[in-house]
>>> print(open('input-v2.txt').read())   # compact mmCIF, N, CA and C atoms
# COMPACT_ATOMS: atom_id res chain seq x y z
N MET A 495 29.85 74.98 140.45
CA MET A 495 29.75 75.72 141.70
C MET A 495 28.83 74.99 142.67
N ALA A 496 29.00 75.31 143.91
CA ALA A 496 28.16 74.72 144.95
C ALA A 496 26.79 75.37 144.95
N THR A 497 25.80 74.61 145.37
CA THR A 497 24.45 75.15 145.46
C THR A 497 23.93 75.01 146.87
N ILE A 498 22.93 75.82 147.18
CA ILE A 498 22.28 75.82 148.48
C ILE A 498 20.80 75.62 148.26
N LYS A 499 20.16 74.79 149.08
CA LYS A 499 18.71 74.65 149.05
C LYS A 499 18.12 75.56 150.12
N VAL A 500 17.24 76.46 149.70
CA VAL A 500 16.62 77.41 150.61
C VAL A 500 15.11 77.18 150.60
N THR A 501 14.52 77.03 151.79
CA THR A 501 13.09 76.78 151.93
C THR A 501 12.47 77.88 152.79
N LEU A 502 11.35 78.43 152.35
CA LEU A 502 10.61 79.42 153.12
C LEU A 502 9.75 78.67 154.13
N THR A 503 10.09 78.78 155.42
CA THR A 503 9.40 78.01 156.45
C THR A 503 8.45 78.85 157.29
N LYS A 504 8.59 80.16 157.26
CA LYS A 504 7.68 81.03 158.00
C LYS A 504 7.08 82.06 157.05
N SER A 505 5.91 82.53 157.41
CA SER A 505 5.18 83.47 156.56
C SER A 505 5.83 84.85 156.58
N THR A 506 5.65 85.59 155.49
CA THR A 506 6.15 86.96 155.41
C THR A 506 5.09 87.98 155.79
N ILE A 507 3.98 87.54 156.36
CA ILE A 507 2.88 88.45 156.70
C ILE A 507 3.34 89.53 157.67
N GLY A 508 4.09 89.19 158.70
CA GLY A 508 4.51 90.16 159.69
C GLY A 508 5.84 90.83 159.36
N ALA A 509 6.44 90.47 158.24
CA ALA A 509 7.77 90.98 157.89
C ALA A 509 7.67 92.38 157.30
N SER A 510 8.78 93.09 157.35
CA SER A 510 8.82 94.44 156.78
C SER A 510 8.82 94.35 155.26
N PRO A 511 8.46 95.44 154.57
CA PRO A 511 8.46 95.41 153.10
C PRO A 511 9.82 95.07 152.50
N LYS A 512 10.91 95.52 153.12
CA LYS A 512 12.25 95.18 152.63
C LYS A 512 12.49 93.68 152.70
N GLN A 513 12.07 93.07 153.82
CA GLN A 513 12.27 91.63 153.97
C GLN A 513 11.43 90.86 152.97
N LYS A 514 10.23 91.33 152.67
CA LYS A 514 9.39 90.67 151.67
C LYS A 514 10.05 90.71 150.30
N LYS A 515 10.70 91.84 149.97
CA LYS A 515 11.38 91.96 148.68
C LYS A 515 12.59 91.05 148.61
N VAL A 516 13.30 90.88 149.72
CA VAL A 516 14.46 89.99 149.74
C VAL A 516 14.01 88.55 149.52
N VAL A 517 12.92 88.14 150.17
CA VAL A 517 12.40 86.78 150.00
C VAL A 517 12.00 86.56 148.54
N GLU A 518 11.35 87.55 147.95
CA GLU A 518 10.94 87.43 146.55
C GLU A 518 12.16 87.40 145.63
N ALA A 519 13.20 88.16 145.96
CA ALA A 519 14.42 88.17 145.16
C ALA A 519 15.13 86.81 145.19
N LEU A 520 14.96 86.09 146.28
CA LEU A 520 15.54 84.74 146.37
C LEU A 520 14.74 83.73 145.55
N GLY A 521 13.59 84.13 145.03
CA GLY A 521 12.80 83.25 144.18
C GLY A 521 11.73 82.49 144.93
N LEU A 522 11.43 82.91 146.16
CA LEU A 522 10.44 82.22 146.98
C LEU A 522 9.13 82.99 146.96
N LYS A 523 8.04 82.27 146.66
CA LYS A 523 6.73 82.91 146.59
C LYS A 523 5.74 82.34 147.59
N LYS A 524 5.84 81.05 147.87
CA LYS A 524 4.87 80.39 148.74
C LYS A 524 5.59 79.72 149.91
N MET A 525 4.82 79.45 150.95
CA MET A 525 5.35 78.72 152.10
C MET A 525 5.79 77.32 151.68
N HIS A 526 6.85 76.85 152.27
CA HIS A 526 7.42 75.51 152.04
C HIS A 526 7.90 75.30 150.61
N GLN A 527 8.11 76.38 149.89
CA GLN A 527 8.70 76.29 148.55
C GLN A 527 10.22 76.23 148.71
N THR A 528 10.86 75.39 147.92
CA THR A 528 12.31 75.23 147.97
C THR A 528 12.92 75.61 146.64
N VAL A 529 14.02 76.37 146.69
CA VAL A 529 14.76 76.72 145.48
C VAL A 529 16.23 76.40 145.71
N GLU A 530 16.93 76.12 144.62
CA GLU A 530 18.37 75.89 144.68
C GLU A 530 19.07 77.11 144.12
N LEU A 531 19.97 77.69 144.90
CA LEU A 531 20.68 78.91 144.52
C LEU A 531 22.17 78.66 144.55
N GLU A 532 22.92 79.46 143.79
CA GLU A 532 24.38 79.38 143.82
C GLU A 532 24.88 79.89 145.17
N ASP A 533 25.93 79.28 145.64
CA ASP A 533 26.54 79.68 146.91
C ASP A 533 27.57 80.77 146.63
N ASN A 534 27.14 82.03 146.74
CA ASN A 534 28.07 83.15 146.57
C ASN A 534 27.77 84.21 147.64
N ALA A 535 28.55 85.26 147.65
CA ALA A 535 28.44 86.28 148.70
C ALA A 535 27.10 87.01 148.66
N ALA A 536 26.59 87.30 147.47
CA ALA A 536 25.32 88.01 147.35
C ALA A 536 24.16 87.18 147.89
N THR A 537 24.15 85.90 147.55
CA THR A 537 23.10 85.02 148.04
C THR A 537 23.18 84.86 149.54
N ARG A 538 24.39 84.68 150.06
CA ARG A 538 24.56 84.55 151.52
C ARG A 538 24.10 85.80 152.26
N GLY A 539 24.36 86.98 151.69
CA GLY A 539 23.92 88.22 152.30
C GLY A 539 22.41 88.32 152.38
N ASN A 540 21.73 87.94 151.29
CA ASN A 540 20.27 87.95 151.29
C ASN A 540 19.71 86.93 152.28
N ILE A 541 20.32 85.78 152.36
CA ILE A 541 19.86 84.75 153.30
C ILE A 541 20.02 85.25 154.74
N ASN A 542 21.11 85.93 155.04
CA ASN A 542 21.33 86.43 156.39
C ASN A 542 20.31 87.48 156.79
N LYS A 543 19.81 88.25 155.84
CA LYS A 543 18.82 89.30 156.14
C LYS A 543 17.48 88.72 156.58
N VAL A 544 17.12 87.55 156.05
CA VAL A 544 15.83 86.95 156.38
C VAL A 544 16.00 85.53 156.91
N SER A 545 17.08 85.28 157.62
CA SER A 545 17.38 83.93 158.08
C SER A 545 16.32 83.40 159.05
N HIS A 546 15.59 84.28 159.72
CA HIS A 546 14.56 83.85 160.66
C HIS A 546 13.32 83.30 159.95
N LEU A 547 13.24 83.49 158.63
CA LEU A 547 12.10 82.99 157.85
C LEU A 547 12.45 81.75 157.04
N LEU A 548 13.73 81.41 156.96
CA LEU A 548 14.21 80.38 156.04
C LEU A 548 14.82 79.19 156.74
N THR A 549 14.89 78.09 155.99
CA THR A 549 15.69 76.93 156.37
C THR A 549 16.68 76.70 155.23
N VAL A 550 17.96 76.56 155.57
CA VAL A 550 19.01 76.44 154.55
C VAL A 550 19.68 75.09 154.69
N GLU A 551 19.82 74.39 153.55
CA GLU A 551 20.55 73.13 153.49
C GLU A 551 21.70 73.30 152.52
N GLU A 552 22.89 72.88 152.94
CA GLU A 552 24.06 73.03 152.06
C GLU A 552 24.35 71.75 151.33
>>> encode(input="input-v2.txt", output="structure tokens")
Amino acid sequence: MATIKVTLTKSTIGASPKQKKVVEALGLKKMHQTVELEDNAATRGNINKVSHLLTVEE
């Protein structure tokens, strides 16, 4: 399957509690941390919810 590299580029300090949980569910804990995730509908939905905090590389 295809993978996506997701990097947390902005802080979650000002984000809502739901957005903080989505970022944590993606496996991101610290700023500038990068994780590789499977490219599926669930992952894309989570990325779209917090896209203003992330950088995505395909």
>>> select_by_dssp(input="input-v2.txt", residues="chain A", states="strand (DSSP E or B)", output="mmCIF file with N, CA and C atoms, keeping the file's coordinate frame")
data_model
loop_
_atom_site.group_PDB
_atom_site.id
_atom_site.type_symbol
_atom_site.label_atom_id
_atom_site.label_comp_id
_atom_site.auth_asym_id
_atom_site.auth_seq_id
_atom_site.Cartn_x
_atom_site.Cartn_y
_atom_site.Cartn_z
ATOM 1 N N THR A 497 25.800 74.610 145.370
ATOM 2 C CA THR A 497 24.450 75.150 145.460
ATOM 3 C C THR A 497 23.930 75.010 146.870
ATOM 4 N N ILE A 498 22.930 75.820 147.180
ATOM 5 C CA ILE A 498 22.280 75.820 148.480
ATOM 6 C C ILE A 498 20.800 75.620 148.260
ATOM 7 N N LYS A 499 20.160 74.790 149.080
ATOM 8 C CA LYS A 499 18.710 74.650 149.050
ATOM 9 C C LYS A 499 18.120 75.560 150.120
ATOM 10 N N VAL A 500 17.240 76.460 149.700
ATOM 11 C CA VAL A 500 16.620 77.410 150.610
ATOM 12 C C VAL A 500 15.110 77.180 150.600
ATOM 13 N N THR A 501 14.520 77.030 151.790
ATOM 14 C CA THR A 501 13.090 76.780 151.930
ATOM 15 C C THR A 501 12.470 77.880 152.790
ATOM 16 N N LEU A 502 11.350 78.430 152.350
ATOM 17 C CA LEU A 502 10.610 79.420 153.120
ATOM 18 C C LEU A 502 9.750 78.670 154.130
ATOM 19 N N THR A 528 10.860 75.390 147.920
ATOM 20 C CA THR A 528 12.310 75.230 147.970
ATOM 21 C C THR A 528 12.920 75.610 146.640
ATOM 22 N N VAL A 529 14.020 76.370 146.690
ATOM 23 C CA VAL A 529 14.760 76.720 145.480
ATOM 24 C C VAL A 529 16.230 76.400 145.710
ATOM 25 N N GLU A 530 16.930 76.120 144.620
ATOM 26 C CA GLU A 530 18.370 75.890 144.680
ATOM 27 C C GLU A 530 19.070 77.110 144.120
ATOM 28 N N LEU A 531 19.970 77.690 144.900
ATOM 29 C CA LEU A 531 20.680 78.910 144.520
ATOM 30 C C LEU A 531 22.170 78.660 144.550
ATOM 31 N N GLU A 532 22.920 79.460 143.790
ATOM 32 C CA GLU A 532 24.380 79.380 143.820
ATOM 33 C C GLU A 532 24.880 79.890 145.170
ATOM 34 N N LEU A 548 13.730 81.410 156.960
ATOM 35 C CA LEU A 548 14.210 80.380 156.040
ATOM 36 C C LEU A 548 14.820 79.190 156.740
ATOM 37 N N THR A 549 14.890 78.090 155.990
ATOM 38 C CA THR A 549 15.690 76.930 156.370
ATOM 39 C C THR A 549 16.680 76.700 155.230
ATOM 40 N N VAL A 550 17.960 76.560 155.570
ATOM 41 C CA VAL A 550 19.010 76.440 154.550
ATOM 42 C C VAL A 550 19.680 75.090 154.690
ATOM 43 N N GLU A 551 19.820 74.390 153.550
ATOM 44 C CA GLU A 551 20.550 73.130 153.490
ATOM 45 C C GLU A 551 21.700 73.300 152.520
#
>>> residues_around(input="input-v2.txt", residues="Asp533 of chain A", least_positions_apart="3", cutoff="6 Å", atoms="only C-alpha atoms", output="list in words")
Ala496, Thr497 and Ile498 of chain A
>>> select_by_dssp(input="input-v2.txt", residues="segment 501-552 of chain A", states="helix (DSSP H, G or I)", output="list in words")
Pro511, Lys512, Gln513, Lys514, Lys515, Val516, Val517, Glu518, Ala519, Ala535, Ala536, Thr537, Arg538, Gly539, Asn540, Ile541, Asn542, Lys543, Ser545, His546 and Leu547 of chain A
>>> atom_distance(input="input-v2.txt", atom1="atom C of Lys524 of chain A", atom2="atom CA of Ser505 of chain A")
7.6 Å
>>> residues_around(input="input-v2.txt", residues="Leu548 of chain A", least_positions_apart="3", cutoff="8 Å", atoms="all atoms listed in the file", output="ChimeraX atom specification")
/A:500-505,541,544-545,551
>>> axis_aligned_box(input="input-v2.txt", around="segment 506-523 of chain A", padding_each_side="4 Å", output="JSON")
{"center_x": 9.2, "center_y": 88.9, "center_z": 151.9, "size_x": 20.7, "size_y": 21.3, "size_z": 23.5}
>>> decode(input="input-v2.txt", residues="segment 539-552 of chain A", atoms="all heavy atoms", output="CSV table (one decimal), in the first residue's frame")
chain,number,residue,atom,x,y,z
A,539,GLY,N,-9.1,11.5,6.3
A,539,GLY,CA,-10.1,12.3,7.0
A,539,GLY,C,-9.5,13.0,8.2
A,539,GLY,O,-9.8,14.1,8.5
A,540,ASN,N,-8.7,12.3,8.9
A,540,ASN,CA,-8.0,12.9,10.1
A,540,ASN,C,-7.1,14.0,9.7
A,540,ASN,O,-7.0,15.0,10.3
A,540,ASN,CB,-7.3,11.8,10.9
A,540,ASN,CG,-8.2,10.9,11.7
A,540,ASN,OD1,-9.3,11.3,12.1
A,540,ASN,ND2,-7.7,9.7,12.1
A,541,ILE,N,-6.4,13.8,8.6
A,541,ILE,CA,-5.4,14.8,8.1
A,541,ILE,C,-6.2,16.0,7.7
A,541,ILE,O,-5.8,17.2,8.0
A,541,ILE,CB,-4.6,14.3,6.9
A,541,ILE,CG1,-3.6,13.2,7.5
A,541,ILE,CG2,-3.9,15.4,6.2
A,541,ILE,CD1,-2.9,12.5,6.4
A,542,ASN,N,-7.4,15.9,7.1
A,542,ASN,CA,-8.2,17.0,6.7
A,542,ASN,C,-8.7,17.8,7.8
A,542,ASN,O,-8.8,19.1,7.8
A,542,ASN,CB,-9.3,16.6,5.8
A,542,ASN,CG,-8.9,16.2,4.4
A,542,ASN,OD1,-7.9,16.7,3.9
A,542,ASN,ND2,-9.7,15.4,3.7
A,543,LYS,N,-8.9,17.2,9.0
A,543,LYS,CA,-9.4,17.9,10.2
A,543,LYS,C,-8.4,18.8,10.8
A,543,LYS,O,-8.7,19.8,11.3
A,543,LYS,CB,-9.9,16.9,11.2
A,543,LYS,CG,-11.2,16.2,10.9
A,543,LYS,CD,-11.6,15.3,12.0
A,543,LYS,CE,-12.9,14.5,11.6
A,543,LYS,NZ,-13.3,13.6,12.7
A,544,VAL,N,-7.1,18.5,10.7
A,544,VAL,CA,-6.1,19.3,11.3
A,544,VAL,C,-5.0,19.7,10.2
A,544,VAL,O,-3.8,19.8,10.5
A,544,VAL,CB,-5.4,18.6,12.4
A,544,VAL,CG1,-6.4,18.5,13.6
A,544,VAL,CG2,-4.9,17.2,12.1
A,545,SER,N,-5.4,19.9,9.0
A,545,SER,CA,-4.5,20.2,7.9
A,545,SER,C,-3.7,21.5,8.1
A,545,SER,O,-2.6,21.6,7.6
A,545,SER,CB,-5.2,20.2,6.6
A,545,SER,OG,-6.2,21.2,6.6
A,546,HIS,N,-4.3,22.4,8.9
A,546,HIS,CA,-3.6,23.7,9.1
A,546,HIS,C,-2.4,23.5,10.1
A,546,HIS,O,-1.6,24.4,10.2
A,546,HIS,CB,-4.6,24.7,9.7
A,546,HIS,CG,-5.3,24.2,10.9
A,546,HIS,ND1,-6.3,23.3,11.0
A,546,HIS,CD2,-5.1,24.6,12.2
A,546,HIS,CE1,-6.7,23.1,12.2
A,546,HIS,NE2,-6.0,23.9,13.0
A,547,LEU,N,-2.3,22.3,10.7
A,547,LEU,CA,-1.2,22.1,11.7
A,547,LEU,C,-0.1,21.2,11.1
A,547,LEU,O,0.9,21.0,11.7
A,547,LEU,CB,-1.7,21.4,12.9
A,547,LEU,CG,-2.8,22.2,13.7
A,547,LEU,CD1,-3.3,21.3,14.9
A,547,LEU,CD2,-2.2,23.5,14.2
A,548,LEU,N,-0.4,20.6,9.9
A,548,LEU,CA,0.4,19.5,9.4
A,548,LEU,C,1.0,19.9,8.0
A,548,LEU,O,0.5,20.8,7.3
A,548,LEU,CB,-0.4,18.3,9.1
A,548,LEU,CG,-1.2,17.7,10.3
A,548,LEU,CD1,-2.0,16.5,9.9
A,548,LEU,CD2,-0.2,17.3,11.4
A,549,THR,N,2.1,19.2,7.7
A,549,THR,CA,2.7,19.2,6.3
A,549,THR,C,2.6,17.7,5.9
A,549,THR,O,3.1,16.8,6.6
A,549,THR,CB,4.1,19.7,6.3
A,549,THR,OG1,4.1,21.0,6.8
A,549,THR,CG2,4.7,19.6,4.9
A,550,VAL,N,2.1,17.5,4.7
A,550,VAL,CA,1.9,16.1,4.1
A,550,VAL,C,2.7,16.0,2.9
A,550,VAL,O,2.7,16.8,2.0
A,550,VAL,CB,0.4,15.9,3.8
A,550,VAL,CG1,0.2,14.5,3.3
A,550,VAL,CG2,-0.4,16.1,5.1
A,551,GLU,N,3.5,14.8,2.8
A,551,GLU,CA,4.3,14.5,1.7
A,551,GLU,C,3.8,13.1,1.2
A,551,GLU,O,3.6,12.2,2.0
A,551,GLU,CB,5.7,14.4,2.0
A,551,GLU,CG,6.4,15.6,2.4
A,551,GLU,CD,7.8,15.4,2.8
A,551,GLU,OE1,8.5,14.5,2.3
A,551,GLU,OE2,8.3,16.2,3.7
A,552,GLU,N,3.5,13.0,-0.1
A,552,GLU,CA,3.0,11.7,-0.6
A,552,GLU,C,4.1,10.9,-1.2
A,552,GLU,O,5.1,11.4,-1.6
A,552,GLU,CB,1.9,12.0,-1.7
A,552,GLU,CG,0.7,12.7,-1.1
A,552,GLU,CD,-0.4,12.8,-2.0
A,552,GLU,OE1,-0.5,12.0,-2.9
A,552,GLU,OE2,-1.3,13.7,-1.8
